[in-house]
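Presented below is the structure to which this report refers.
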Amino acid sequence: MMRVIRAELFKLRTTPGPWVVLIVTLVLTALGIITAFVITIGGKGEFTAPVFTPQLRDLVGAGYGAGTVLAPIVGILCITTEYRQKVLTTTLLVTPRREVVLFGKGVASAVWGLFLAVAGLVLVAAMGIPLLVTQGGSVTALLHQVGPVVPGLLGAYVLFAIFGLGIGTLLRNQVAAVILTIVFVAILEPIIVALVHHLAHVDLNWLPSRSAAALAGGLTHSAGGGGNNTGAGPLLSWWLGGLALLGWGVGTAVIGYFTTFRRDVT
Amino acid sequence: MVTAGPAEGTIEVHGLTKTFGPVTAVRGLDFTVEPGRITGFLGPNGAGKTTTLRMLLGLVAPTSGTATIGGRNYREIADPTRSVGAVLEATSFHPSRRARNHLKMVAMAAGIDGSRIDVVLDMVGLTADAKRKVGGYSLGMRQRLELATALLGDPAVLILDEPSNGLDPQGIAWLREFLRHLAGEGRTVLVSSHLLAEMSQTVDDVVIVSQGQLRAQGPLSSLVGQAQSSMRVRSPETDRLVAVVRAAGFSPRQVAQDVVIVDAVGPEQLGPVLATNQVVVYELAQESQNLESIFLELTTSLGGMPSVPTSPADSWPPNPPATGTGQAEPAWPPPPSSGAAWPPPPASPGGPA
């Protein structure tokens, strides 16, 4: 099993896709960092240091929005590349037990998701802290928000990567899976949640982004888009949110395993 | 070198059947492949060769029947790449991945020592190109890389699906030599092809399939033995020629004023007879039914099917089984005896050892 996981990680890092995802994640995180310094004071946005807890949390979690959209793509690439480039034959010749392959891919996707999150946090430290200091903000105050924000942020990236793997397993078509996931997470889900909230007074807290928002509890609104808590009621508790998001990933992967991944490879 | 015992490398297929929806790609296939020999798995395109090999390798689930290597299903073999190497198609690489990394990826997942990578690269002559991305490889280079991948685990069994596709004549000659070498080391080599002519110089045994069914199995030499040879003689004295040949115990028949055909005889037998009797000969030619025509006969003349020797590929998908009134349909499936004259009994030990 360890060999399969190592090989899957090796596959990810020897193809350009996951590195493109990393670069885009860092770009979006950088935008998130800058946005965290745009503080609304008296109805006007000003570029200044964040002071209050929610503002500081937005700076620490500047990469959150990017993660909700990009971490799934890693999982999608991890599985759909096998079909797109017909590597699956080679993979299954080496590891004929498909459940082992899929599990290995799940772990590898999660690890790459974690890698993206950590890379984003490093960027926050390297870019956000100097910016905070030059704007006269308090580094100590910022560090106080690391504890409440970072675990949920890491968890969201990891679970979103697994969610992507599930979607990719289900759909197999790389382009379709990427587009569908981005459109759903970033656009459709917030609209559906808001509509249902206003029309039926029901909160769809179990949907992926809402679950992730609950997991990343400290982040009341996001910097990079997606997963925000506007337009609807309270979220799940953080652990239920994490469980729900894990459920989306594992659920889609299991369904995908039985419907597509066990099929004949011709 | 191969460490596995002979039984380890024996491929056995029993009653193997695969249906894809209404199409039966493989129909009750039975054959055995022995170690230390090159076995040609032959049939026209669409005969079910690839499906059979993929069932053997656990990629396609059989509808019924078994396909085992060393008595085990591929999926049950622990670290299968260490006992079975497979070359399936030249497209199973990520184009952005470097050749060496492709091998490293496989070695990693299979738990094969990284030092083997250089060994197999050298074996297939790709050492100089190992750092290039596979996307820039020619078809021939990809085939070599496939072969290198298959050899990573130093397997006792090699299964190759149309490995000469895309190879130039030198590449085919190289492959032939290479497979001969591997079989010489005691490995089992099963290689599919739709061209018998190309394989006839390479293989020891043949398994011939058509429309998903076994048509013939056994040593190539016994297939060659099937080929009836006859001699065509042009002579100014045909009357004396016929008399002499008949006296020698052969059966001549005059087909033209100066041409006689002697059936079931080779030049080695007929030549001395003519020389001894001092028959004037203008022309002496062997008219053998060549392997290719036997192959075509075996693979196209299936019960009820019109024989289309010029394009055997067109004969697939096979005559669909009658869905409605089976009565009116031509004989399908053909009676099992349709190929009975051949194969020889499976136990036949003939052929080069």
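In the structure tokens, chains take the letters A, B, ... in the order shown, each chain's residues start at 1, and ligands count up from 1 in the order shown.
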
Using only C-alpha atoms, what does the table of chain B residues within 6 Å of chain A look like, with each row giving the shortest atom pair and its distance in Å to one decimal, sorted by chain and ascending number, as CSV?
residue,atom,partner,partner_atom,distance
B:Leu59,CA,A:Val265,CA,5.3
B:Val60,CA,A:Asp264,CA,4.4
B:Arg75,CA,A:Pro96,CA,5.2
B:Thr81,CA,A:Val94,CA,5.6
B:Ser92,CA,A:Val87,CA,4.6
B:Phe93,CA,A:Val87,CA,5.5
B:His94,CA,A:Gln85,CA,5.5
B:Ser96,CA,A:Thr15,CA,6.0
B:Arg97,CA,A:Thr14,CA,5.9
B:Met105,CA,A:Ala7,CA,5.5
B:Met108,CA,A:Ala7,CA,5.5
B:Ala109,CA,A:Arg3,CA,4.9
B:Ala110,CA,A:Val94,CA,5.9

Would you return as a ChimeraX atom specification the members of range 128-200 of chain B that DSSP assigns to alpha helix (DSSP H) on this structure's backbone? /B:139-151,169-184,196-199

Would you output that residue set with C-alpha atoms, as an mmCIF file, in the first residue's frame?
data_model
loop_
_atom_site.group_PDB
_atom_site.id
_atom_site.type_symbol
_atom_site.label_atom_id
_atom_site.label_comp_id
_atom_site.auth_asym_id
_atom_site.auth_seq_id
_atom_site.Cartn_x
_atom_site.Cartn_y
_atom_site.Cartn_z
ATOM 1 C CA LEU B 139 6.178 4.826 -32.237
ATOM 2 C CA GLY B 140 9.122 2.438 -32.340
ATOM 3 C CA MET B 141 10.696 4.062 -29.298
ATOM 4 C CA ARG B 142 7.414 3.826 -27.431
ATOM 5 C CA GLN B 143 7.251 0.136 -28.224
ATOM 6 C CA ARG B 144 10.762 -0.252 -26.854
ATOM 7 C CA LEU B 145 9.780 1.628 -23.733
ATOM 8 C CA GLU B 146 6.750 -0.633 -23.345
ATOM 9 C CA LEU B 147 9.064 -3.590 -23.618
ATOM 10 C CA ALA B 148 11.439 -2.074 -21.069
ATOM 11 C CA THR B 149 8.490 -1.558 -18.718
ATOM 12 C CA ALA B 150 7.440 -5.169 -19.142
ATOM 13 C CA LEU B 151 10.966 -6.374 -18.394
ATOM 14 C CA PRO B 169 11.825 -3.763 -40.678
ATOM 15 C CA GLN B 170 14.995 -3.362 -38.610
ATOM 16 C CA GLY B 171 12.884 -2.939 -35.503
ATOM 17 C CA ILE B 172 10.936 -6.089 -36.303
ATOM 18 C CA ALA B 173 14.157 -8.020 -36.856
ATOM 19 C CA TRP B 174 15.487 -6.694 -33.579
ATOM 20 C CA LEU B 175 12.298 -7.655 -31.764
ATOM 21 C CA ARG B 176 12.415 -11.146 -33.246
ATOM 22 C CA GLU B 177 15.973 -11.637 -32.005
ATOM 23 C CA PHE B 178 15.083 -10.184 -28.648
ATOM 24 C CA LEU B 179 12.092 -12.455 -28.111
ATOM 25 C CA ARG B 180 14.155 -15.442 -29.208
ATOM 26 C CA HIS B 181 16.742 -14.519 -26.604
ATOM 27 C CA LEU B 182 14.118 -14.162 -23.864
ATOM 28 C CA ALA B 183 12.508 -17.498 -24.688
ATOM 29 C CA GLY B 184 15.991 -19.031 -24.722
ATOM 30 C CA LEU B 196 1.371 -14.921 -39.695
ATOM 31 C CA ALA B 197 4.040 -14.214 -42.257
ATOM 32 C CA GLU B 198 5.755 -11.865 -39.866
ATOM 33 C CA MET B 199 5.534 -14.361 -37.043
#

If you count only C-alpha atoms, which residues fall within 6 Å of Pro208 in chain A, apart from same-chain ones fewer than 2 positions away, as a PyMOL selection string? chain A and resi 210-211+245

May I have the selected residues written with N, CA and C atoms, as a JSON list (two decimals), in the first residue's frame?
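Saved to out09.json:
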[["chain", "number", "residue", "atom", "x", "y", "z"],
["A", 210, "ARG", "N", -20.39, 24.47, 2.04],
["A", 210, "ARG", "CA", -20.92, 24.85, 3.35],
["A", 210, "ARG", "C", -20.28, 23.98, 4.43],
["A", 211, "SER", "N", -20.08, 22.73, 4.13],
["A", 211, "SER", "CA", -19.41, 21.84, 5.09],
["A", 211, "SER", "C", -17.99, 22.31, 5.32],
["A", 245, "LEU", "N", -17.91, 16.79, 4.55],
["A", 245, "LEU", "CA", -17.07, 16.96, 3.36],
["A", 245, "LEU", "C", -16.33, 15.65, 3.04]]

As a PyMOL selection string, please: the residues near range 155-164 of chain A (cut-off 10 Å, only C-alpha atoms, same-chain neighbours under 4 positions excluded). chain A and resi 63-79+105-118+150-151+168-170+177-178+181+208-209+211-216+241-253

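For the atom pair formed by CA of Leu165 in chain A and CA of Leu102 in chain A, the distance is 8.8 Å, given to one decimal.
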
Backbone-only DSSP, strand (DSSP E) members of range 5-42 of chain B, as a PyMOL selection string: chain B and resi 11-20+23-33+38-42

What would the file look like if the residues just selected were written as a PDB file, in the first residue's frame with C-alpha atoms?
ATOM      1  CA  ILE B  11      -0.486 -19.951 -19.332  1.00  0.00           C
ATOM      2  CA  GLU B  12      -3.761 -21.833 -19.331  1.00  0.00           C
ATOM      3  CA  VAL B  13      -7.012 -20.688 -20.841  1.00  0.00           C
ATOM      4  CA  HIS B  14     -10.147 -22.765 -20.327  1.00  0.00           C
ATOM      5  CA  GLY B  15     -13.592 -22.119 -21.738  1.00  0.00           C
ATOM      6  CA  LEU B  16     -12.847 -18.420 -21.864  1.00  0.00           C
ATOM      7  CA  THR B  17     -15.801 -16.366 -23.054  1.00  0.00           C
ATOM      8  CA  LYS B  18     -16.426 -12.647 -23.161  1.00  0.00           C
ATOM      9  CA  THR B  19     -19.489 -10.860 -24.387  1.00  0.00           C
ATOM     10  CA  PHE B  20     -19.763  -7.121 -24.830  1.00  0.00           C
ATOM     11  CA  VAL B  23     -21.260  -9.122 -29.357  1.00  0.00           C
ATOM     12  CA  THR B  24     -19.377 -12.230 -28.329  1.00  0.00           C
ATOM     13  CA  ALA B  25     -15.730 -11.252 -28.612  1.00  0.00           C
ATOM     14  CA  VAL B  26     -14.314 -14.499 -27.268  1.00  0.00           C
ATOM     15  CA  ARG B  27     -16.171 -17.780 -27.364  1.00  0.00           C
ATOM     16  CA  GLY B  28     -15.161 -20.775 -25.262  1.00  0.00           C
ATOM     17  CA  LEU B  29     -11.453 -20.441 -25.891  1.00  0.00           C
ATOM     18  CA  ASP B  30      -9.091 -23.213 -24.689  1.00  0.00           C
ATOM     19  CA  PHE B  31      -5.337 -23.198 -25.086  1.00  0.00           C
ATOM     20  CA  THR B  32      -2.104 -23.676 -23.211  1.00  0.00           C
ATOM     21  CA  VAL B  33       1.169 -21.798 -23.570  1.00  0.00           C
ATOM     22  CA  ILE B  38       7.588 -18.369 -28.301  1.00  0.00           C
ATOM     23  CA  THR B  39       3.912 -18.827 -28.907  1.00  0.00           C
ATOM     24  CA  GLY B  40       2.242 -16.809 -31.622  1.00  0.00           C
ATOM     25  CA  PHE B  41      -1.312 -15.785 -30.827  1.00  0.00           C
ATOM     26  CA  LEU B  42      -2.624 -15.247 -34.297  1.00  0.00           C
TER      27      LEU B  42
END

Identify, on the basis of only C-alpha atoms, every residue whose closest approach to Leu132 in chain A does not exceed 9 Å; exclude the query and any residue fewer than 5 positions from it along the same chain; express the result as an mmCIF file with C-alpha atoms, in the first residue's frame.
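Output file result_13.cif is given in full below:
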data_model
loop_
_atom_site.group_PDB
_atom_site.id
_atom_site.type_symbol
_atom_site.label_atom_id
_atom_site.label_comp_id
_atom_site.auth_asym_id
_atom_site.auth_seq_id
_atom_site.Cartn_x
_atom_site.Cartn_y
_atom_site.Cartn_z
ATOM 1 C CA PHE A 37 -5.559 44.412 3.674
ATOM 2 C CA THR A 48 -4.436 49.189 5.772
ATOM 3 C CA ALA A 49 -3.486 46.566 8.313
ATOM 4 C CA PRO A 50 -6.231 44.229 9.570
ATOM 5 C CA MET A 127 4.170 38.080 1.889
ATOM 6 C CA GLY A 137 -0.208 45.856 12.108
ATOM 7 C CA SER A 138 0.493 43.449 14.947
ATOM 8 C CA VAL A 139 2.242 40.189 14.084
ATOM 9 C CA LEU A 142 -1.988 37.634 13.633
#

To one decimal place in Å, what is the distance between CA of Gly48 in chain B and CA of Gly212 in chain B?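 Atom-to-atom, CA of Gly48 in chain B to CA of Gly212 in chain B, that is 4.9 Å.
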
Using only C-alpha atoms, which of B:Leu296, B:Ala61, B:Ala67, B:Leu270 sits nearest Pro44 in chain B?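 Of the candidates, the smallest distance to Pro44 in chain B is held by B:Leu296.
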
Which residues are close to range 271-276 of chain B, i.e. within 9 Å by only C-alpha atoms, leaving aside same-chain residues fewer than 3 positions away? Reply as an MDAnalysis selection string. chainID B and resid 241 244:245 248 266:268 279:281 284

Requested write-out: C-alpha atoms of the selected residues, as a PDB file, in the first residue's frame:
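The resulting result-v9.pdb:
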ATOM      1  CA  LEU B 241       7.932 -37.741 -67.635  1.00  0.00           C
ATOM      2  CA  VAL B 244       8.776 -42.154 -65.014  1.00  0.00           C
ATOM      3  CA  VAL B 245       7.181 -40.262 -62.186  1.00  0.00           C
ATOM      4  CA  ALA B 248       8.527 -43.867 -58.921  1.00  0.00           C
ATOM      5  CA  GLY B 266       9.009 -31.893 -52.813  1.00  0.00           C
ATOM      6  CA  PRO B 267      11.969 -31.039 -55.069  1.00  0.00           C
ATOM      7  CA  GLU B 268      14.203 -33.318 -52.972  1.00  0.00           C
ATOM      8  CA  VAL B 279      14.249 -36.452 -68.379  1.00  0.00           C
ATOM      9  CA  VAL B 280      14.785 -33.104 -70.050  1.00  0.00           C
ATOM     10  CA  VAL B 281      13.409 -30.387 -67.805  1.00  0.00           C
ATOM     11  CA  LEU B 284      10.982 -27.176 -62.073  1.00  0.00           C
TER      12      LEU B 284
END

Could you jot down the CA of Gly153 in chain B to CA of Glu76 in chain B separation for me, Å, one decimal place? 16.8 Å
